[in-house]
>>> print(open('model_3.txt').read())   # compact mmCIF, C-alpha atoms
# COMPACT_ATOMS: atom_id res chain seq x y z
CA MET C 1 60.24 89.48 100.36
CA GLU C 2 62.55 91.33 97.93
CA ASN C 3 65.58 93.23 99.16
CA THR C 4 64.70 96.92 99.65
CA ARG C 5 68.31 98.12 99.43
CA PRO C 6 70.01 98.96 96.14
CA ASN C 7 72.10 96.16 94.64
CA ALA C 8 75.71 96.27 93.48
CA LEU C 9 77.39 93.71 91.24
CA ILE C 10 81.13 93.25 91.72
CA LEU C 11 83.52 91.80 89.13
CA ALA C 12 86.79 91.43 91.03
CA GLY C 13 89.43 89.05 92.31
CA PHE C 14 89.35 86.96 95.47
CA ASP C 15 91.89 88.10 98.07
CA PRO C 16 92.17 85.62 101.00
CA SER C 17 93.28 88.43 103.33
CA ALA C 18 89.94 90.23 102.64
CA GLY C 19 91.76 93.55 102.41
CA ALA C 20 91.07 93.92 98.68
CA GLY C 21 88.93 92.40 95.94
CA VAL C 22 85.46 90.91 96.25
CA LEU C 23 85.53 90.39 100.02
CA SER C 24 86.62 93.97 100.67
CA ASP C 25 84.06 95.33 98.20
CA VAL C 26 81.17 93.42 99.79
CA LYS C 27 82.13 94.72 103.24
CA THR C 28 82.21 98.27 101.91
CA PHE C 29 78.84 97.95 100.22
CA GLU C 30 77.27 96.51 103.37
CA ALA C 31 78.61 99.50 105.35
CA HIS C 32 76.74 101.76 102.91
CA ASP C 33 73.45 99.84 103.11
CA VAL C 34 73.93 98.30 99.66
CA HIS C 35 73.70 94.57 98.91
CA GLY C 36 76.78 93.36 97.07
CA PHE C 37 76.84 90.39 94.68
CA GLY C 38 80.38 89.14 94.03
CA ILE C 39 81.63 87.58 90.79
CA CYS C 40 85.16 86.17 91.09
CA THR C 41 87.49 87.05 88.19
CA ALA C 42 90.77 85.77 89.67
CA LEU C 43 92.06 83.67 92.56
CA THR C 44 95.00 85.36 94.25
CA TYR C 45 97.52 84.19 96.82
CA GLN C 46 98.45 87.12 99.02
CA THR C 47 98.55 88.66 102.46
CA GLY C 48 98.18 92.27 103.47
CA ASP C 49 101.92 92.73 102.85
CA GLU C 50 102.86 90.35 100.05
CA PHE C 51 101.45 89.40 96.64
CA ILE C 52 102.53 85.83 95.81
CA GLY C 53 100.62 84.85 92.68
CA MET C 54 97.27 84.31 91.01
CA ASN C 55 95.16 82.34 88.54
CA TRP C 56 92.64 83.98 86.24
CA VAL C 57 89.10 82.59 86.25
CA SER C 58 88.02 81.59 82.74
CA ALA C 59 85.51 83.70 80.82
CA ASP C 60 83.01 80.83 80.73
CA VAL C 61 83.12 80.45 84.51
CA ILE C 62 82.71 84.21 85.02
CA THR C 63 79.66 84.22 82.73
CA ALA C 64 78.26 81.16 84.56
CA GLN C 65 78.53 83.08 87.85
CA LEU C 66 77.08 86.22 86.34
CA LEU C 67 73.96 85.09 84.49
CA PRO C 68 71.92 83.65 87.41
CA ILE C 69 72.43 86.88 89.37
CA ILE C 70 71.44 89.36 86.67
CA GLU C 71 68.50 87.21 85.58
CA ARG C 72 67.13 87.27 89.15
CA TYR C 73 68.13 90.57 90.79
CA PRO C 74 68.04 94.21 89.62
CA ILE C 75 71.51 95.74 89.49
CA HIS C 76 71.91 99.46 90.25
CA VAL C 77 75.69 99.73 89.98
CA LEU C 78 78.47 97.58 88.54
CA LYS C 79 81.89 97.89 90.16
CA ILE C 80 84.81 96.35 88.25
CA GLY C 81 88.20 95.59 89.76
CA ILE C 82 90.89 93.25 88.47
CA ILE C 83 89.99 91.66 85.14
CA GLU C 84 92.08 89.75 82.60
CA ASN C 85 90.65 90.94 79.32
CA PHE C 86 89.17 94.39 78.70
CA LYS C 87 87.53 93.16 75.48
CA LEU C 88 85.56 90.61 77.50
CA MET C 89 84.80 93.28 80.08
CA ARG C 90 83.02 95.21 77.33
CA HIS C 91 80.95 92.09 76.60
CA TRP C 92 79.94 91.72 80.26
CA ILE C 93 79.03 95.40 80.55
CA ASP C 94 76.82 95.07 77.47
CA LEU C 95 75.25 91.92 78.91
CA ILE C 96 74.39 93.61 82.21
CA LYS C 97 73.23 96.82 80.51
CA GLY C 98 70.93 94.69 78.33
CA PHE C 99 69.06 93.77 81.50
CA TYR C 100 69.52 97.08 83.35
CA PRO C 101 70.21 100.02 80.99
CA MET C 102 70.38 102.55 83.85
CA CYS C 103 73.05 100.60 85.76
CA LYS C 104 76.05 102.79 86.62
CA VAL C 105 79.52 101.38 85.88
CA VAL C 106 82.61 102.17 87.96
CA LEU C 107 85.98 100.82 86.84
CA ASP C 108 88.88 100.66 89.28
CA PRO C 109 91.67 99.70 86.85
CA VAL C 110 93.89 97.39 88.88
CA LEU C 111 96.92 97.16 86.61
CA SER C 112 99.53 96.00 89.13
CA ALA C 113 99.89 94.96 92.74
CA SER C 114 101.62 97.25 95.22
CA ALA C 115 104.25 94.49 95.62
CA GLY C 116 105.24 94.96 91.97
CA PHE C 117 103.27 92.20 90.19
CA ASP C 118 101.92 93.41 86.81
CA PHE C 119 98.53 92.05 85.70
CA HIS C 120 98.52 93.53 82.18
CA ASP C 121 100.87 94.20 79.30
CA GLU C 122 100.67 96.96 76.69
CA THR C 123 98.41 94.87 74.43
CA THR C 124 95.67 94.43 77.01
CA ILE C 125 95.98 98.01 78.24
CA ARG C 126 95.30 99.28 74.70
CA GLN C 127 91.99 97.36 74.75
CA LEU C 128 90.80 99.68 77.51
CA ASP C 129 90.29 102.60 75.10
CA LYS C 130 87.34 100.83 73.45
CA VAL C 131 85.59 100.27 76.79
CA LEU C 132 85.74 103.74 78.33
CA LYS C 133 82.55 105.11 76.76
CA LYS C 134 80.61 102.30 78.42
CA VAL C 135 81.92 103.32 81.86
CA ASP C 136 80.53 106.14 84.03
CA LEU C 137 83.65 106.60 86.14
CA ILE C 138 87.22 105.29 86.13
CA THR C 139 89.31 105.65 89.31
CA PRO C 140 93.05 105.30 88.54
CA ASN C 141 95.80 106.43 90.86
CA TRP C 142 98.80 108.45 89.67
CA LYS C 143 100.98 105.39 89.01
CA GLU C 144 98.23 103.54 87.14
CA MET C 145 97.68 106.54 84.90
CA GLN C 146 101.40 106.48 84.08
CA GLN C 147 101.02 102.84 83.02
CA LEU C 148 98.18 103.74 80.67
CA SER C 149 100.31 106.14 78.65
CA ASP C 150 103.74 107.72 78.22
CA ASN C 151 102.05 111.10 78.76
CA ASP C 152 101.98 113.08 81.98
CA PRO C 153 99.31 111.40 84.20
CA LEU C 154 97.17 114.54 84.34
CA GLU C 155 97.38 115.03 80.57
CA GLU C 156 96.38 111.40 80.02
CA ALA C 157 93.47 111.75 82.47
CA ILE C 158 92.25 114.84 80.60
CA LYS C 159 92.44 112.86 77.34
CA ILE C 160 90.47 109.94 78.81
CA SER C 161 87.92 112.37 80.25
CA GLN C 162 86.59 112.97 76.75
CA SER C 163 85.05 109.49 77.03
CA THR C 164 84.15 109.20 80.72
CA HIS C 165 84.55 110.78 84.16
CA VAL C 166 88.03 110.25 85.60
CA LEU C 167 88.82 110.40 89.29
CA LEU C 168 92.61 110.74 89.34
CA LYS C 169 93.53 109.80 92.89
CA GLY C 170 96.21 111.88 94.53
CA GLY C 171 97.78 109.44 96.96
CA HIS C 172 100.94 109.26 94.80
CA HIS C 173 100.80 112.82 93.46
CA PRO C 174 104.32 114.31 93.50
CA THR C 175 103.26 117.77 94.75
CA GLU C 176 99.60 117.60 95.87
CA LYS C 177 99.51 114.33 97.79
CA GLY C 178 96.01 113.48 98.99
CA THR C 179 94.21 115.79 96.56
CA ASP C 180 92.07 113.96 94.00
CA SER C 181 91.03 115.41 90.63
CA LEU C 182 87.61 114.68 89.13
CA ILE C 183 87.90 115.32 85.41
CA TYR C 184 85.24 115.32 82.68
CA LYS C 185 85.57 116.74 79.17
CA GLY C 186 88.77 118.42 80.33
CA ASN C 187 87.14 120.25 83.26
CA ILE C 188 88.94 119.60 86.55
CA THR C 189 87.35 119.65 90.01
CA LYS C 190 89.76 119.31 92.93
CA ILE C 191 88.72 117.18 95.92
CA GLU C 192 91.05 117.92 98.80
CA GLY C 193 91.72 115.69 101.78
CA ARG C 194 91.15 116.58 105.41
CA PRO C 195 94.11 117.25 107.74
CA ILE C 196 93.86 113.95 109.63
CA GLU C 197 96.44 111.24 110.26
CA VAL C 198 96.00 108.29 107.92
CA PHE C 199 97.85 104.99 107.52
CA GLU C 200 98.67 103.02 104.37
CA LYS C 201 96.16 100.25 103.76
CA HIS C 202 96.07 97.14 101.63
CA GLY C 203 93.20 97.49 99.16
CA SER C 204 92.40 101.15 99.79
CA GLY C 205 91.63 101.69 96.09
CA CYS C 206 89.01 98.93 96.22
CA VAL C 207 87.37 100.50 99.26
CA LEU C 208 87.24 103.98 97.72
CA ALA C 209 85.77 102.75 94.42
CA SER C 210 83.19 100.65 96.27
CA SER C 211 82.24 103.57 98.52
CA ILE C 212 81.74 105.81 95.47
CA SER C 213 79.76 103.03 93.76
CA SER C 214 77.55 102.72 96.85
CA TYR C 215 76.66 106.40 96.77
CA LEU C 216 75.87 106.11 93.04
CA ALA C 217 73.58 103.17 93.81
CA HIS C 218 71.76 105.44 96.26
CA GLY C 219 71.22 108.03 93.53
CA LYS C 220 74.00 110.52 94.27
CA SER C 221 75.67 112.44 91.43
CA ILE C 222 79.19 111.45 90.38
CA GLU C 223 80.76 114.52 92.00
CA GLU C 224 78.82 114.09 95.24
CA ALA C 225 79.61 110.36 95.32
CA CYS C 226 83.33 111.11 94.88
CA ARG C 227 83.33 113.72 97.64
CA LEU C 228 81.47 111.44 100.06
CA GLY C 229 83.67 108.49 99.08
CA LYS C 230 86.73 110.63 99.87
CA ILE C 231 85.43 111.18 103.41
CA TYR C 232 84.72 107.48 103.85
CA ILE C 233 88.16 106.31 102.69
CA GLU C 234 89.92 108.86 104.88
CA ASP C 235 88.05 107.59 107.93
CA TYR C 236 88.92 104.04 106.86
CA LEU C 237 92.61 104.89 106.46
CA ALA C 238 92.64 106.59 109.87
CA SER C 239 90.79 103.76 111.62
CA ASP C 240 93.75 101.47 112.37
CA PRO C 241 97.55 101.70 112.05
CA SER C 242 97.74 98.20 110.55
CA LYS C 243 97.37 97.34 106.85
CA PHE C 244 93.69 96.50 107.46
CA GLY C 245 91.15 99.23 108.11
CA GLN C 246 87.87 99.11 110.02
CA HIS C 247 84.61 99.78 108.19
CA HIS C 248 81.97 101.99 109.77
CA PHE C 249 78.27 101.91 108.95
CA ILE C 250 76.80 105.11 107.63
CA THR C 251 73.29 106.39 107.00
CA ILE C 252 72.61 107.71 103.49
CA SER C 253 69.74 110.12 103.10
>>> encode(input="model_3.txt", output="structure tokens")
Amino acid sequence: MENTRPNALILAGFDPSAGAGVLSDVKTFEAHDVHGFGICTALTYQTGDEFIGMNWVSADVITAQLLPIIERYPIHVLKIGIIENFKLMRHWIDLIKGFYPMCKVVLDPVLSASAGFDFHDETTIRQLDKVLKKVDLITPNWKEMQQLSDNDPLEEAIKISQSTHVLLKGGHHPTEKGTDSLIYKGNITKIEGRPIEVFEKHGSGCVLASSISSYLAHGKSIEEACRLGKIYIEDYLASDPSKFGQHHFITIS
């Protein structure tokens, strides 16, 4: 019998601590009643507190993982995390869209680790411009948006929003911490946080992007998915004082 839940395809790194990357994404999708298929793009060596190093998975191996899945299972949403080459990412999006044209694409642009390890240089970051129109939503935080350009992060997000929806996360915002901005074609919608106590988590960006992707897989609009994802990540951040949060299963109507 075929799976009756929507399916998500994840292109992301493997984090042995399971706080971020493919393992974290799959847990988040399961909590939202979505089946997650995980394609490994990098092998990392890290804990919840320390990033030690990594090896990229070759493009041929990524494609070898990818093809059997998309040839066999319908994909409703593609969630992309850490990836070595944005030009190849465009190829994989086109490949998946060739099978499933209505598949939504969410890009969580992991440009550096919180411990200070940079995954991309200026050359690879410039490749991102050519991919944005193939993406439905990009979810950078304030610091990542600063890496994408010398402009003010909000100004850069408004510029990018001419090509795709941008959820500029407010966790590092200098004056409105915790308030996210959903931007499209220059129009800004503020998504404010609730007044609850939260704790810093390893991989929180992965969890938020996967929660939003889950709601998109269930047919929610981008704005509704971002608002519901905001609630989910806040509950996750409040769930445990350690670097690892606890997922909670939700019912999506």
>>> closest_atom_pairs(input="model_3.txt", of="range 45-134 of chain C", to="range 7-30 of chain C", cutoff="6 Å", atoms="all atoms listed in the file", output="tab-separated table")
residue	atom	partner	partner_atom	distance
C:Thr47	CA	C:Ser17	CA	5.3
C:Ile75	CA	C:Asn7	CA	5.2
C:His76	CA	C:Asn7	CA	5.5
C:Val77	CA	C:Ala8	CA	4.9
C:Leu78	CA	C:Leu9	CA	4.8
C:Lys79	CA	C:Ile10	CA	5.0
C:Ile80	CA	C:Leu11	CA	4.8
C:Gly81	CA	C:Ala12	CA	4.6
C:Ile82	CA	C:Ala12	CA	5.2
>>> closest_residue(input="model_3.txt", among="C:Gln46, C:Thr4, C:Asn187, C:Ser149", to="His202 in chain C", atoms="all atoms listed in the file")
C:Gln46
>>> residues_near_point(input="model_3.txt", point="(88.3, 108.9, 87.5)", cutoff="8 Å", atoms="only C-alpha atoms", output="list of chain:residue names")
C:Leu137, C:Ile138, C:Thr139, C:Pro140, C:Ala157, C:Thr164, C:His165, C:Val166, C:Leu167, C:Leu168, C:Lys169, C:Ser181, C:Leu182, C:Ile183
>>> closest_residue(input="model_3.txt", among="C:Met89, C:Val207, C:Leu154, C:Leu216", to="Cys103 in chain C", atoms="only C-alpha atoms")
C:Leu216
>>> residues_near_point(input="model_3.txt", point="(87.5, 103.6, 75.9)", cutoff="10 Å", atoms="all atoms listed in the file", output="MDAnalysis selection string")
chainID C and resid 86 90 126:135 160:164
>>> atom_distance(input="model_3.txt", atom1="CA of Gln246 in chain C", atom2="CA of Tyr232 in chain C")
10.9 Å
>>> atom_distance(input="model_3.txt", atom1="CA of Pro153 in chain C", atom2="CA of Lys230 in chain C")
20.1 Å
>>> build_atoms(input="model_3.txt", residues="range 213-244 of chain C", atoms="N, CA and C atoms", output="compact mmCIF listing (two decimals), in the coordinates of the input")
# COMPACT_ATOMS: atom_id res chain seq x y z
N SER C 213 80.79 103.81 94.43
CA SER C 213 79.76 103.03 93.76
C SER C 213 78.50 102.93 94.62
N SER C 214 78.69 102.81 95.93
CA SER C 214 77.55 102.72 96.85
C SER C 214 76.72 103.99 96.80
N TYR C 215 77.40 105.13 96.82
CA TYR C 215 76.66 106.40 96.77
C TYR C 215 75.94 106.56 95.43
N LEU C 216 76.55 106.09 94.34
CA LEU C 216 75.87 106.11 93.04
C LEU C 216 74.63 105.23 93.07
N ALA C 217 74.74 104.07 93.71
CA ALA C 217 73.58 103.17 93.81
C ALA C 217 72.44 103.81 94.57
N HIS C 218 72.78 104.72 95.49
CA HIS C 218 71.76 105.44 96.26
C HIS C 218 71.28 106.70 95.55
N GLY C 219 71.74 106.92 94.32
CA GLY C 219 71.22 108.03 93.53
C GLY C 219 72.01 109.33 93.60
N LYS C 220 73.19 109.32 94.21
CA LYS C 220 74.00 110.52 94.27
C LYS C 220 74.64 110.80 92.90
N SER C 221 74.96 112.07 92.65
CA SER C 221 75.67 112.44 91.43
C SER C 221 77.11 111.94 91.51
N ILE C 222 77.80 111.93 90.38
CA ILE C 222 79.19 111.45 90.38
C ILE C 222 80.07 112.34 91.26
N GLU C 223 79.93 113.65 91.16
CA GLU C 223 80.76 114.52 92.00
C GLU C 223 80.45 114.33 93.48
N GLU C 224 79.17 114.27 93.83
CA GLU C 224 78.82 114.09 95.24
C GLU C 224 79.30 112.74 95.75
N ALA C 225 79.17 111.69 94.92
CA ALA C 225 79.61 110.36 95.32
C ALA C 225 81.12 110.35 95.55
N CYS C 226 81.88 111.06 94.71
CA CYS C 226 83.33 111.11 94.88
C CYS C 226 83.72 111.87 96.13
N ARG C 227 83.03 112.95 96.44
CA ARG C 227 83.33 113.72 97.64
C ARG C 227 83.00 112.92 98.90
N LEU C 228 81.85 112.25 98.90
CA LEU C 228 81.47 111.44 100.06
C LEU C 228 82.38 110.22 100.19
N GLY C 229 82.75 109.62 99.05
CA GLY C 229 83.67 108.49 99.08
C GLY C 229 85.02 108.89 99.63
N LYS C 230 85.46 110.12 99.35
CA LYS C 230 86.73 110.63 99.87
C LYS C 230 86.69 110.68 101.40
N ILE C 231 85.58 111.13 101.95
CA ILE C 231 85.43 111.18 103.41
C ILE C 231 85.47 109.78 104.00
N TYR C 232 84.77 108.85 103.33
CA TYR C 232 84.72 107.48 103.85
C TYR C 232 86.11 106.83 103.84
N ILE C 233 86.85 106.98 102.75
CA ILE C 233 88.16 106.31 102.69
C ILE C 233 89.13 106.94 103.66
N GLU C 234 89.04 108.24 103.90
CA GLU C 234 89.92 108.86 104.88
C GLU C 234 89.65 108.32 106.28
N ASP C 235 88.39 108.16 106.62
CA ASP C 235 88.05 107.59 107.93
C ASP C 235 88.54 106.14 108.02
N TYR C 236 88.45 105.42 106.91
CA TYR C 236 88.92 104.04 106.86
C TYR C 236 90.44 103.98 107.04
N LEU C 237 91.15 104.86 106.36
CA LEU C 237 92.61 104.89 106.46
C LEU C 237 93.08 105.30 107.86
N ALA C 238 92.28 106.11 108.53
CA ALA C 238 92.64 106.59 109.87
C ALA C 238 92.22 105.62 110.98
N SER C 239 91.46 104.60 110.62
CA SER C 239 90.79 103.76 111.62
C SER C 239 91.73 102.83 112.38
N ASP C 240 92.89 102.49 111.78
CA ASP C 240 93.75 101.47 112.37
C ASP C 240 95.15 101.63 111.79
N PRO C 241 96.19 101.54 112.60
CA PRO C 241 97.55 101.70 112.05
C PRO C 241 98.05 100.50 111.25
N SER C 242 97.32 99.39 111.29
CA SER C 242 97.74 98.20 110.55
C SER C 242 97.39 98.35 109.08
N LYS C 243 97.70 97.33 108.27
CA LYS C 243 97.37 97.34 106.85
C LYS C 243 95.88 97.12 106.58
N PHE C 244 95.12 96.75 107.62
CA PHE C 244 93.69 96.50 107.46
C PHE C 244 92.88 97.54 108.22
